[in-house]
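Data from model.txt: compact mmCIF, C-alpha atoms
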# COMPACT_ATOMS: atom_id res chain seq x y z
CA MET A 1289 90.21 -33.93 -65.51
CA LYS A 1290 89.17 -30.51 -66.77
CA ARG A 1291 88.40 -30.52 -70.47
CA GLN A 1292 90.03 -27.97 -72.74
CA LYS A 1293 87.97 -25.11 -74.21
CA PHE A 1294 88.78 -23.27 -77.42
CA LEU A 1295 88.19 -19.99 -79.16
CA PHE A 1296 87.90 -20.61 -82.90
CA ILE A 1297 88.71 -17.15 -84.25
CA ASP A 1298 88.16 -15.80 -87.74
CA ARG A 1299 90.85 -13.52 -89.19
CA ASP A 1300 89.57 -10.98 -91.73
CA GLY A 1301 86.92 -8.72 -90.21
CA THR A 1302 87.61 -10.13 -86.73
CA LEU A 1303 91.31 -9.71 -85.94
CA ILE A 1304 91.92 -7.26 -88.76
CA GLU A 1305 89.79 -4.96 -90.87
CA GLU A 1306 88.62 -6.48 -94.15
CA PRO A 1307 89.18 -4.32 -97.26
CA ALA A 1308 86.60 -3.92 -100.02
CA ASP A 1309 88.30 -6.49 -102.26
CA GLU A 1310 88.39 -9.00 -99.31
CA GLN A 1311 92.11 -9.72 -99.79
CA ILE A 1312 94.87 -8.65 -97.41
CA ASP A 1313 97.62 -8.97 -100.00
CA ALA A 1314 99.67 -5.88 -99.17
CA PHE A 1315 101.08 -4.38 -95.98
CA GLU A 1316 99.33 -1.06 -96.55
CA LYS A 1317 95.97 -2.85 -96.31
CA LEU A 1318 96.68 -4.16 -92.81
CA GLN A 1319 94.71 -2.58 -89.98
CA PHE A 1320 93.88 -4.36 -86.74
CA LYS A 1321 90.35 -4.25 -85.30
CA GLU A 1322 89.73 -1.78 -82.52
CA GLY A 1323 90.23 -3.32 -79.08
CA VAL A 1324 91.67 -6.62 -80.32
CA PHE A 1325 95.06 -6.32 -78.57
CA ARG A 1326 93.79 -5.22 -75.17
CA ASN A 1327 90.94 -7.68 -75.01
CA LEU A 1328 92.44 -10.76 -76.63
CA GLY A 1329 95.55 -10.19 -74.51
CA PHE A 1330 93.32 -10.04 -71.42
CA ILE A 1331 91.60 -13.29 -72.44
CA CYS A 1332 94.91 -15.08 -72.96
CA ASN A 1333 96.22 -13.83 -69.62
CA LYS A 1334 93.14 -14.46 -67.48
CA LEU A 1335 91.29 -17.39 -69.04
CA ASP A 1336 92.10 -20.96 -70.01
CA PHE A 1337 90.88 -20.97 -73.62
CA ARG A 1338 93.23 -22.12 -76.37
CA LEU A 1339 93.15 -20.14 -79.59
CA VAL A 1340 92.62 -21.61 -83.06
CA LEU A 1341 92.69 -19.41 -86.15
CA VAL A 1342 90.04 -20.48 -88.71
CA SER A 1343 89.94 -18.55 -91.97
CA ASN A 1344 88.58 -18.86 -95.51
CA GLN A 1345 91.06 -17.42 -98.02
CA ASP A 1346 89.31 -17.78 -101.36
CA GLY A 1347 91.64 -19.02 -104.10
CA LEU A 1348 94.85 -18.78 -102.09
CA GLY A 1349 97.66 -20.09 -104.25
CA THR A 1350 95.92 -19.30 -107.55
CA ALA A 1351 96.83 -16.53 -109.97
CA SER A 1352 94.19 -14.28 -108.44
CA PHE A 1353 95.72 -14.62 -104.96
CA PRO A 1354 99.38 -15.70 -105.07
CA GLU A 1355 100.84 -17.12 -101.88
CA GLU A 1356 103.78 -14.71 -101.95
CA THR A 1357 101.35 -11.81 -101.37
CA PHE A 1358 99.56 -13.60 -98.52
CA TRP A 1359 102.14 -15.08 -96.16
CA PRO A 1360 104.31 -12.01 -95.42
CA VAL A 1361 101.27 -10.05 -94.21
CA HIS A 1362 99.77 -13.06 -92.43
CA ASN A 1363 103.01 -13.78 -90.59
CA LEU A 1364 103.28 -10.13 -89.54
CA ILE A 1365 99.77 -10.38 -88.07
CA LEU A 1366 100.76 -13.40 -86.00
CA ARG A 1367 104.08 -11.87 -84.86
CA THR A 1368 102.36 -8.64 -83.83
CA LEU A 1369 99.78 -10.55 -81.80
CA GLU A 1370 102.48 -12.70 -80.22
CA GLY A 1371 104.20 -9.50 -79.08
CA GLU A 1372 101.08 -8.82 -76.99
CA GLY A 1373 101.00 -12.32 -75.51
CA ILE A 1374 98.41 -13.62 -77.99
CA THR A 1375 99.39 -16.96 -79.51
CA PHE A 1376 97.46 -19.48 -81.59
CA ASP A 1377 97.82 -23.21 -80.96
CA ASP A 1378 96.68 -23.96 -84.49
CA GLN A 1379 95.85 -22.11 -87.69
CA LEU A 1380 93.45 -23.58 -90.22
CA ILE A 1381 93.19 -21.87 -93.60
CA ASP A 1382 90.90 -23.07 -96.37
CA ARG A 1383 91.69 -22.12 -99.97
CA HIS A 1384 88.46 -23.16 -101.72
CA PHE A 1385 86.10 -20.81 -103.53
CA PRO A 1386 82.46 -20.78 -102.35
CA GLU A 1387 81.29 -22.39 -105.60
CA ASP A 1388 83.53 -25.41 -104.91
CA GLY A 1389 81.14 -26.56 -102.20
CA SER A 1390 83.99 -27.95 -100.14
CA PRO A 1391 83.21 -29.29 -96.65
CA MET A 1392 86.56 -27.84 -95.57
CA ARG A 1393 85.35 -24.29 -96.11
CA LYS A 1394 83.52 -22.52 -93.27
CA PRO A 1395 80.78 -23.04 -92.19
CA GLY A 1396 81.72 -26.65 -92.93
CA VAL A 1397 83.68 -28.38 -90.19
CA GLY A 1398 86.11 -30.30 -92.39
CA MET A 1399 89.12 -28.32 -91.16
CA LEU A 1400 88.10 -28.91 -87.54
CA LYS A 1401 87.51 -32.67 -87.52
CA ASP A 1402 90.38 -33.20 -85.04
CA TYR A 1403 88.48 -31.11 -82.49
CA LEU A 1404 85.26 -33.12 -82.71
CA ASN A 1405 84.44 -36.21 -80.65
CA ASN A 1406 87.53 -35.77 -78.49
CA PRO A 1407 86.67 -36.45 -74.82
CA ALA A 1408 89.50 -34.14 -73.74
CA TYR A 1409 87.87 -31.16 -75.45
CA ASP A 1410 84.93 -29.12 -74.17
CA ILE A 1411 83.40 -28.02 -77.45
CA GLU A 1412 80.08 -27.05 -75.86
CA GLY A 1413 81.98 -24.60 -73.66
CA SER A 1414 83.95 -23.24 -76.62
CA TYR A 1415 83.18 -20.29 -78.91
CA VAL A 1416 83.50 -19.23 -82.50
CA ILE A 1417 84.43 -15.55 -82.74
CA GLY A 1418 83.80 -13.99 -86.13
CA ASP A 1419 82.03 -11.27 -88.06
CA ARG A 1420 79.80 -13.13 -90.51
CA GLU A 1421 76.77 -15.39 -90.52
CA SER A 1422 79.04 -18.18 -91.75
CA ASP A 1423 80.89 -17.95 -88.42
CA ALA A 1424 77.61 -18.31 -86.52
CA LEU A 1425 76.75 -21.32 -88.68
CA LEU A 1426 80.18 -22.81 -88.02
CA ALA A 1427 79.49 -22.58 -84.28
CA GLU A 1428 76.13 -24.28 -84.80
CA ASN A 1429 77.76 -27.05 -86.83
CA LEU A 1430 80.47 -27.55 -84.22
CA GLY A 1431 77.98 -27.56 -81.35
CA CYS A 1432 79.51 -24.56 -79.58
CA LYS A 1433 78.54 -20.92 -79.04
CA ALA A 1434 79.15 -17.88 -81.23
CA LEU A 1435 80.16 -14.28 -80.60
CA ILE A 1436 79.70 -12.26 -83.78
CA LEU A 1437 81.31 -8.81 -83.98
CA GLY A 1438 78.87 -6.10 -84.95
CA LYS A 1439 75.81 -8.22 -84.20
CA GLU A 1440 73.63 -6.92 -81.38
CA GLY A 1441 76.30 -4.51 -80.23
CA ILE A 1442 79.07 -7.10 -79.86
CA THR A 1443 82.56 -5.53 -79.70
CA TRP A 1444 85.90 -6.89 -78.54
CA ASP A 1445 85.24 -5.14 -75.22
CA LYS A 1446 81.95 -7.01 -74.86
CA ILE A 1447 83.52 -10.32 -75.94
CA SER A 1448 86.17 -10.18 -73.21
CA GLU A 1449 83.55 -9.14 -70.64
CA LEU A 1450 81.22 -12.02 -71.49
CA LEU A 1451 84.01 -14.61 -71.60
CA PHE A 1452 85.53 -13.42 -68.32
CA ALA A 1453 82.46 -12.57 -66.24
CA GLY A 1454 79.65 -14.42 -68.02
CA GLU A 1455 76.33 -13.35 -69.42
CA ARG A 1456 73.96 -12.08 -66.74
CA ILE A 1457 70.61 -13.76 -67.29
CA ALA A 1458 67.85 -14.54 -64.83
CA GLU A 1459 64.49 -16.21 -65.35
CA VAL A 1460 61.78 -16.38 -62.70
CA HIS A 1461 58.31 -17.89 -62.78
CA ARG A 1462 55.96 -16.99 -59.91
CA GLN A 1463 52.48 -18.44 -59.67
CA THR A 1464 49.83 -17.63 -57.09
CA LYS A 1465 46.06 -17.86 -56.98
CA GLU A 1466 45.97 -14.29 -58.27
CA THR A 1467 48.68 -14.15 -60.92
CA ASP A 1468 50.99 -16.21 -63.10
CA VAL A 1469 54.13 -14.17 -63.86
CA HIS A 1470 57.09 -15.19 -66.01
CA VAL A 1471 60.05 -12.84 -66.48
CA ARG A 1472 63.32 -13.41 -68.32
CA LEU A 1473 65.97 -10.71 -68.08
CA CYS A 1474 69.37 -10.36 -69.76
CA LEU A 1475 71.36 -7.44 -68.38
CA ASP A 1476 73.82 -7.66 -71.27
CA GLY A 1477 71.27 -7.39 -74.05
CA THR A 1478 70.38 -4.87 -76.73
CA GLY A 1479 66.93 -3.71 -75.61
CA LYS A 1480 64.78 -6.43 -77.18
CA CYS A 1481 61.40 -6.66 -75.44
CA ASP A 1482 58.50 -9.09 -75.53
CA ILE A 1483 55.98 -7.89 -72.95
CA ASN A 1484 52.34 -8.71 -72.32
CA THR A 1485 50.74 -8.08 -68.94
CA GLY A 1486 47.20 -7.51 -70.16
CA LEU A 1487 47.60 -3.78 -69.40
CA GLY A 1488 48.62 -1.82 -72.48
CA PHE A 1489 49.99 1.25 -70.73
CA PHE A 1490 51.89 -0.89 -68.21
CA ASP A 1491 53.44 -2.84 -71.11
CA HIS A 1492 54.53 0.46 -72.65
CA MET A 1493 56.20 1.54 -69.40
CA LEU A 1494 57.97 -1.79 -68.89
CA GLU A 1495 59.26 -1.62 -72.44
CA GLN A 1496 61.06 1.61 -71.50
CA ILE A 1497 63.12 -0.37 -68.98
CA GLY A 1498 64.34 -2.82 -71.60
CA LYS A 1499 64.78 -0.37 -74.46
CA HIS A 1500 66.56 2.43 -72.61
CA GLY A 1501 68.32 0.13 -70.18
CA MET A 1502 69.78 -1.98 -73.03
CA MET A 1503 68.37 -5.11 -71.42
CA ASP A 1504 66.54 -7.95 -73.15
CA LEU A 1505 63.27 -8.34 -71.32
CA THR A 1506 60.50 -10.90 -71.67
CA ILE A 1507 57.46 -10.51 -69.42
CA ARG A 1508 54.34 -12.66 -69.58
CA VAL A 1509 51.59 -12.12 -67.02
CA LYS A 1510 48.15 -13.65 -66.53
CA GLY A 1511 46.47 -11.79 -63.70
CA ASP A 1512 43.04 -11.45 -62.15
CA LEU A 1513 42.23 -8.30 -64.08
CA GLU A 1514 38.55 -9.08 -63.64
CA VAL A 1515 39.12 -8.09 -59.98
CA ASP A 1516 41.40 -5.11 -60.63
CA GLU A 1517 44.95 -4.23 -61.73
CA HIS A 1518 46.61 -4.37 -58.32
CA HIS A 1519 47.91 -7.95 -58.24
CA THR A 1520 49.16 -7.87 -61.83
CA ILE A 1521 51.23 -4.72 -61.27
CA GLU A 1522 52.52 -5.69 -57.84
CA ASP A 1523 53.53 -9.25 -58.74
CA THR A 1524 55.22 -8.11 -61.96
CA ALA A 1525 57.35 -5.73 -59.90
CA ILE A 1526 58.25 -8.48 -57.43
CA VAL A 1527 59.36 -10.92 -60.15
CA LEU A 1528 61.23 -8.24 -62.15
CA GLY A 1529 63.06 -7.16 -58.98
CA ASP A 1530 63.92 -10.78 -58.21
CA CYS A 1531 65.36 -11.16 -61.72
CA LEU A 1532 67.48 -8.05 -61.26
CA LEU A 1533 68.85 -9.38 -57.99
CA GLN A 1534 69.64 -12.81 -59.45
CA ALA A 1535 71.17 -11.48 -62.67
CA LEU A 1536 73.54 -9.19 -60.78
CA GLY A 1537 75.02 -12.18 -58.98
CA ASP A 1538 77.87 -11.22 -56.65
CA LYS A 1539 77.89 -7.64 -58.13
CA ARG A 1540 81.63 -7.68 -58.72
CA GLY A 1541 82.79 -5.00 -61.13
CA ILE A 1542 79.46 -3.15 -61.37
CA GLU A 1543 79.19 0.62 -61.16
CA ARG A 1544 76.55 0.10 -58.45
CA TYR A 1545 75.06 3.61 -58.57
CA GLY A 1546 73.13 5.18 -61.16
CA TYR A 1547 70.12 9.56 -63.69
CA CYS A 1548 67.86 12.26 -64.47
CA LEU A 1549 66.22 13.23 -67.72
CA PRO A 1550 63.72 15.75 -69.07
CA MET A 1551 60.66 14.77 -71.07
CA ASP A 1552 58.91 17.80 -72.54
CA ASP A 1553 57.40 19.63 -69.55
CA CYS A 1554 58.70 17.11 -66.99
CA LEU A 1555 61.93 16.58 -65.13
CA CYS A 1556 62.42 13.12 -63.70
CA GLN A 1557 65.26 12.21 -61.40
CA ILE A 1558 66.18 8.75 -60.21
CA ALA A 1559 69.11 7.75 -58.05
CA LEU A 1560 69.61 4.13 -57.13
CA ASP A 1561 72.05 1.96 -55.27
CA PHE A 1562 72.39 -1.81 -55.53
CA GLY A 1563 73.78 -1.86 -52.02
CA GLY A 1564 71.54 -4.64 -50.74
CA ARG A 1565 69.35 -2.40 -48.56
CA PRO A 1566 65.89 -1.77 -50.04
CA TRP A 1567 64.42 1.67 -49.56
CA LEU A 1568 62.12 3.89 -51.61
CA VAL A 1569 61.89 7.66 -51.52
CA TRP A 1570 58.95 8.79 -53.65
CA ASP A 1571 58.40 12.43 -54.55
CA ALA A 1572 55.89 12.41 -57.40
CA ASP A 1573 52.24 13.44 -57.36
CA PHE A 1574 49.59 12.45 -59.87
CA HIS A 1575 46.19 14.10 -60.24
CA ARG A 1576 44.48 11.64 -62.57
CA GLU A 1577 42.95 8.42 -61.31
CA LYS A 1578 44.27 6.39 -64.23
CA ILE A 1579 46.69 6.62 -67.15
CA GLY A 1580 45.53 4.10 -69.68
CA GLU A 1581 44.32 1.12 -67.66
CA MET A 1582 46.85 1.74 -64.89
CA PRO A 1583 45.72 3.36 -61.63
CA THR A 1584 48.12 6.14 -60.71
CA GLU A 1585 48.08 5.00 -57.06
CA MET A 1586 49.86 1.85 -58.25
CA PHE A 1587 52.95 3.71 -59.48
CA PHE A 1588 54.29 4.07 -55.95
CA HIS A 1589 53.37 0.47 -55.18
CA PHE A 1590 55.18 -0.81 -58.29
CA PHE A 1591 58.44 0.92 -57.42
CA LYS A 1592 58.19 -0.05 -53.75
CA SER A 1593 57.76 -3.73 -54.67
CA LEU A 1594 60.57 -3.48 -57.24
CA SER A 1595 62.92 -1.88 -54.73
CA ASP A 1596 62.17 -4.49 -52.08
CA ALA A 1597 62.63 -7.47 -54.41
CA ALA A 1598 65.83 -6.15 -56.03
CA ARG A 1599 67.19 -5.00 -52.66
CA MET A 1600 68.03 -1.58 -54.03
CA ASN A 1601 67.78 1.91 -52.67
CA LEU A 1602 65.57 3.89 -55.02
CA ASN A 1603 65.06 7.66 -54.86
CA ILE A 1604 62.49 9.04 -57.29
CA LYS A 1605 61.51 12.65 -57.91
CA ALA A 1606 59.36 13.95 -60.76
CA GLU A 1607 57.82 17.31 -61.56
CA GLY A 1608 55.70 18.46 -64.47
CA THR A 1609 52.14 18.94 -65.66
CA ASN A 1610 51.52 16.13 -68.14
CA GLU A 1611 50.80 12.95 -66.20
CA HIS A 1612 51.67 10.63 -69.08
CA HIS A 1613 55.01 12.32 -69.65
CA LYS A 1614 55.75 12.32 -65.94
CA ILE A 1615 55.42 8.58 -65.41
CA GLU A 1616 57.05 7.72 -68.73
CA GLY A 1617 59.95 9.96 -67.78
CA ILE A 1618 60.26 8.11 -64.47
CA PHE A 1619 60.43 4.72 -66.22
CA LYS A 1620 62.97 6.02 -68.74
CA ALA A 1621 65.10 7.52 -65.97
CA LEU A 1622 64.92 4.20 -64.13
CA ALA A 1623 66.11 2.41 -67.27
CA ARG A 1624 69.07 4.74 -67.69
CA SER A 1625 69.92 4.42 -64.00
CA LEU A 1626 69.87 0.65 -64.25
CA ARG A 1627 72.00 0.74 -67.39
CA MET A 1628 74.57 2.88 -65.59
CA ALA A 1629 74.54 0.90 -62.35
CA VAL A 1630 74.86 -2.60 -63.83
CA LYS A 1631 77.71 -1.70 -66.18
CA ARG A 1632 80.74 -3.90 -65.46
CA ASP A 1633 84.44 -3.14 -65.59
CA ILE A 1634 86.37 -6.41 -65.85
CA TYR A 1635 89.66 -4.56 -65.48
CA HIS A 1636 88.57 -3.48 -61.99
CA PHE A 1637 86.60 -6.59 -61.09
CA GLU A 1638 86.08 -5.84 -57.44
CA LEU A 1639 83.11 -5.49 -55.14
CA PRO A 1640 82.18 -1.79 -55.09
CA SER A 1641 81.99 -1.55 -51.32
CA THR A 1642 84.33 -0.77 -48.44
CA LYS A 1643 82.33 -3.26 -46.35
CA GLY A 1644 83.38 -6.18 -48.53
CA LYS A 1645 79.78 -7.25 -49.02
CA LEU A 1646 76.67 -6.03 -50.85
Would you put the structure from the file into structure tokens?
Amino acid sequence: MKRQKFLFIDRDGTLIEEPADEQIDAFEKLQFKEGVFRNLGFICNKLDFRLVLVSNQDGLGTASFPEETFWPVHNLILRTLEGEGITFDDQLIDRHFPEDGSPMRKPGVGMLKDYLNNPAYDIEGSYVIGDRESDALLAENLGCKALILGKEGITWDKISELLFAGERIAEVHRQTKETDVHVRLCLDGTGKCDINTGLGFFDHMLEQIGKHGMMDLTIRVKGDLEVDEHHTIEDTAIVLGDCLLQALGDKRGIERYGYCLPMDDCLCQIALDFGGRPWLVWDADFHREKIGEMPTEMFFHFFKSLSDAARMNLNIKAEGTNEHHKIEGIFKALARSLRMAVKRDIYHFELPSTKGKL
């Protein structure tokens, strides 16, 4: 029997905008969050989550927040959502002030005790959706996951994408007699990087991929640098390409293609295609033997290994006089191309190919 999953959804700041005084006690204060109807309606139509409203309403029922100013607006919120096919199975509203220290108040789980230790419920597969740290703590206390609006670029568009299509993460560890390479890649990240290959300039270039590609990227490499840089650079490209291939999964809904950009005196152009057929066209000349600790002859080899491992068609052209700017521009253009190509559209969640296979 399939266990039931839930979305425990905050109200103020999540479904509706929260005013400065933190009380929605008048109709003129009511404004729904951008994207909430389209995306929450999509979730209700396409997925099997049940919705539970979980909200702290400080002092509800006291003189400072009379019930007669709360319920008319609250009921209008629910009726408006219902008109878009969005219904809540349950609504849990706590009235305590923070100083009361009540276990019923979020992030306490007192209001949610009926959802805990029930074998019919999949709490680990459930989510808290909110806008505050208290919502993240509630998820932690429940033992489920959290999606916090405004944190790390999370919007209602991103929430529906992640719930429908999943987070695209790949982690690969490759060990040979020459190198030990570990790469973790999240295509749906915010550009956080933690990179150490033992080659400072190479680290700087790889960071461009994460930062400008809006991908979270961890790379740890121990290579035989006492021999030379070749194995470290080549094997990093192989593992990074493998991560790209794995994270893309079946490639449904992706843009598939992706960019050119100037950098001072240089113009760098990259076109790529995640069509499953590796190929590299390289039109870039370098006249220095090294940039930093990185041999310029290895630039071609890096992108060839990356293209092969990711099974992508990669066309690179760069012109300019400053060698540093030229290669940095290439890496930045690659990042922007990747960002464009891996973008997903869950409303057109199809394979971008007339062949039916990529």
Identify the residues around (89.2, -22.5, -88.9) within a radius of 6 Å, measuring from only C-alpha atoms in the coordinates stated by the file, and give them as a ChimeraX atom specification. /A:1341-1343,1380
Quick one: everything within 7 Å of stretch 1439-1453 of chain A, counting all atoms listed in the file, minus sequence neighbours fewer than 6 positions away in the same chain. Send it as number ranges by chain. A: 1323-1324, 1327, 1331, 1478, 1634
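For A:Gly1347, the set of protein, DNA and RNA residues having any atom at most 12 Å away, when counting all atoms listed in the file and skipping those fewer than 4 positions along the same chain, is Glu1310, Gln1311, Ala1351, Ser1352, Phe1353, Pro1354, Glu1355, Phe1358, Ile1381, Asp1382, Arg1383, His1384, Phe1385, Pro1386, Glu1387, Asp1388 and Arg1393 of chain A.
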Box along x, y and z, 3 Å on every side, all listed atoms of stretch 1377-1384 of chain A inside: centre and edge lengths in Å to one decimal, as JSON.
{"center_x": 93.1, "center_y": -22.9, "center_z": -91.3, "size_x": 15.4, "size_y": 8.1, "size_z": 26.8}
From A:Leu1437, A:Leu1473, A:Val1361, A:Ile1297, residue lying nearest A:Val1527 [only C-alpha atoms]: A:Leu1473
Compare A:Asp1573, A:Asp1378, A:Glu1543, A:Asp1346 by their minimum atom-to-atom distance to A:Leu1295, counting all atoms listed in the file, and give me the closest one. A:Asp1378
Residues within 9 Å of A:Pro1395, all atoms listed in the file, excluding chain neighbours under 4 positions, as a ChimeraX atom specification: /A:1391,1421-1429
Which residues of stretch 1585-1637 of chain A sit at most 8 Å from stretch 1544-1563 of chain A, using all atoms listed in the file? Give each one's shortest atom pair and distance in Å (one decimal place), in chain and ascending residue order, as JSON lines.
{"residue": "A:Ala1598", "atom": "CA", "partner": "A:Phe1562", "partner_atom": "CA", "distance": 7.9}
{"residue": "A:Arg1599", "atom": "CA", "partner": "A:Phe1562", "partner_atom": "CA", "distance": 6.7}
{"residue": "A:Met1600", "atom": "CA", "partner": "A:Phe1562", "partner_atom": "CA", "distance": 4.6}
{"residue": "A:Asn1601", "atom": "CA", "partner": "A:Asp1561", "partner_atom": "CA", "distance": 5.0}
{"residue": "A:Leu1602", "atom": "CA", "partner": "A:Leu1560", "partner_atom": "CA", "distance": 4.6}
{"residue": "A:Asn1603", "atom": "CA", "partner": "A:Ala1559", "partner_atom": "CA", "distance": 5.2}
{"residue": "A:Ile1604", "atom": "CA", "partner": "A:Ile1558", "partner_atom": "CA", "distance": 4.7}
{"residue": "A:Lys1605", "atom": "CA", "partner": "A:Gln1557", "partner_atom": "CA", "distance": 5.1}
{"residue": "A:Ala1606", "atom": "CA", "partner": "A:Cys1556", "partner_atom": "CA", "distance": 4.3}
{"residue": "A:Glu1607", "atom": "CA", "partner": "A:Leu1555", "partner_atom": "CA", "distance": 5.5}
{"residue": "A:Gly1608", "atom": "CA", "partner": "A:Cys1554", "partner_atom": "CA", "distance": 4.1}
{"residue": "A:Thr1609", "atom": "CA", "partner": "A:Asp1553", "partner_atom": "CA", "distance": 6.6}
{"residue": "A:Asn1610", "atom": "CA", "partner": "A:Asp1553", "partner_atom": "CA", "distance": 7.0}
{"residue": "A:His1613", "atom": "CA", "partner": "A:Met1551", "partner_atom": "CA", "distance": 6.3}
{"residue": "A:Lys1614", "atom": "CA", "partner": "A:Cys1554", "partner_atom": "CA", "distance": 5.7}
{"residue": "A:Gly1617", "atom": "CA", "partner": "A:Cys1556", "partner_atom": "CA", "distance": 5.7}
{"residue": "A:Ile1618", "atom": "CA", "partner": "A:Cys1556", "partner_atom": "CA", "distance": 5.5}
{"residue": "A:Lys1620", "atom": "CA", "partner": "A:Leu1549", "partner_atom": "CA", "distance": 8.0}
{"residue": "A:Ala1621", "atom": "CA", "partner": "A:Cys1548", "partner_atom": "CA", "distance": 5.7}
{"residue": "A:Leu1622", "atom": "CA", "partner": "A:Ile1558", "partner_atom": "CA", "distance": 6.1}
{"residue": "A:Arg1624", "atom": "CA", "partner": "A:Tyr1547", "partner_atom": "CA", "distance": 6.4}
{"residue": "A:Ser1625", "atom": "CA", "partner": "A:Gly1546", "partner_atom": "CA", "distance": 4.4}
{"residue": "A:Leu1626", "atom": "CA", "partner": "A:Gly1546", "partner_atom": "CA", "distance": 6.4}
{"residue": "A:Arg1627", "atom": "CA", "partner": "A:Gly1546", "partner_atom": "CA", "distance": 7.7}
{"residue": "A:Met1628", "atom": "CA", "partner": "A:Gly1546", "partner_atom": "CA", "distance": 5.2}
{"residue": "A:Ala1629", "atom": "CA", "partner": "A:Arg1544", "partner_atom": "CA", "distance": 4.5}
{"residue": "A:Val1630", "atom": "CA", "partner": "A:Arg1544", "partner_atom": "CA", "distance": 6.3}
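For the choices A:Lys1394, A:Arg1420, A:Lys1510, A:Arg1367, the atom-to-atom distance to A:Thr1302 is smallest for A:Arg1420 when using only C-alpha atoms.
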At most 9 Å from (82.8, -4.9, -63.3), file frame, all atoms listed in the file: which residues, as a CSV table (one decimal) with C-alpha atoms, in the coordinates of the input?
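Output below, filename out29.csv:
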chain,number,residue,atom,x,y,z
A,1449,GLU,CA,83.6,-9.1,-70.6
A,1453,ALA,CA,82.5,-12.6,-66.2
A,1539,LYS,CA,77.9,-7.6,-58.1
A,1540,ARG,CA,81.6,-7.7,-58.7
A,1541,GLY,CA,82.8,-5.0,-61.1
A,1542,ILE,CA,79.5,-3.2,-61.4
A,1543,GLU,CA,79.2,0.6,-61.2
A,1630,VAL,CA,74.9,-2.6,-63.8
A,1631,LYS,CA,77.7,-1.7,-66.2
A,1632,ARG,CA,80.7,-3.9,-65.5
A,1633,ASP,CA,84.4,-3.1,-65.6
A,1634,ILE,CA,86.4,-6.4,-65.8
A,1635,TYR,CA,89.7,-4.6,-65.5
A,1636,HIS,CA,88.6,-3.5,-62.0
A,1637,PHE,CA,86.6,-6.6,-61.1
A,1638,GLU,CA,86.1,-5.8,-57.4
A,1639,LEU,CA,83.1,-5.5,-55.1
A,1640,PRO,CA,82.2,-1.8,-55.1
Would you mind telling me which residue in A:Ala1408, A:Leu1528, A:Ile1579, A:Met1399 lies nearest to A:Asp1596 when using all atoms listed in the file? A:Leu1528
Would you list the contacts of A:Thr1375 as a ChimeraX atom specification, taking every protein, DNA or RNA residue within 8 Å and counting only C-alpha atoms, but skipping same-chain residues closer than 5 positions in sequence? /A:1339,1366,1369-1370
In Å to one decimal, how far is atom CA of A:Pro1566 from atom CA of A:Lys1499?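 Atom CA of A:Pro1566 lies at a distance of 24.5 Å from atom CA of A:Lys1499.
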Determine, counting all atoms listed in the file, which protein, DNA and RNA residues have an atom within 8 Å of an atom of A:Glu1459; residues of the same chain fewer than 3 positions away are not included. Present the result as a PyMOL selection string. chain A and resi 1470-1473+1531
Could the residues in this selection be saved with C-alpha atoms as a PDB file, keeping the file's coordinate frame?
ATOM      1  CA  HIS A1470      57.090 -15.190 -66.010  1.00  0.00           C
ATOM      2  CA  VAL A1471      60.050 -12.840 -66.480  1.00  0.00           C
ATOM      3  CA  ARG A1472      63.320 -13.410 -68.320  1.00  0.00           C
ATOM      4  CA  LEU A1473      65.970 -10.710 -68.080  1.00  0.00           C
ATOM      5  CA  CYS A1531      65.360 -11.160 -61.720  1.00  0.00           C
TER       6      CYS A1531
END
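Distances here use all atoms listed in the file; by that measure, the residue among A:Leu1536, A:Val1469, A:Leu1568, A:Ile1526 closest to A:Thr1506 is A:Val1469.
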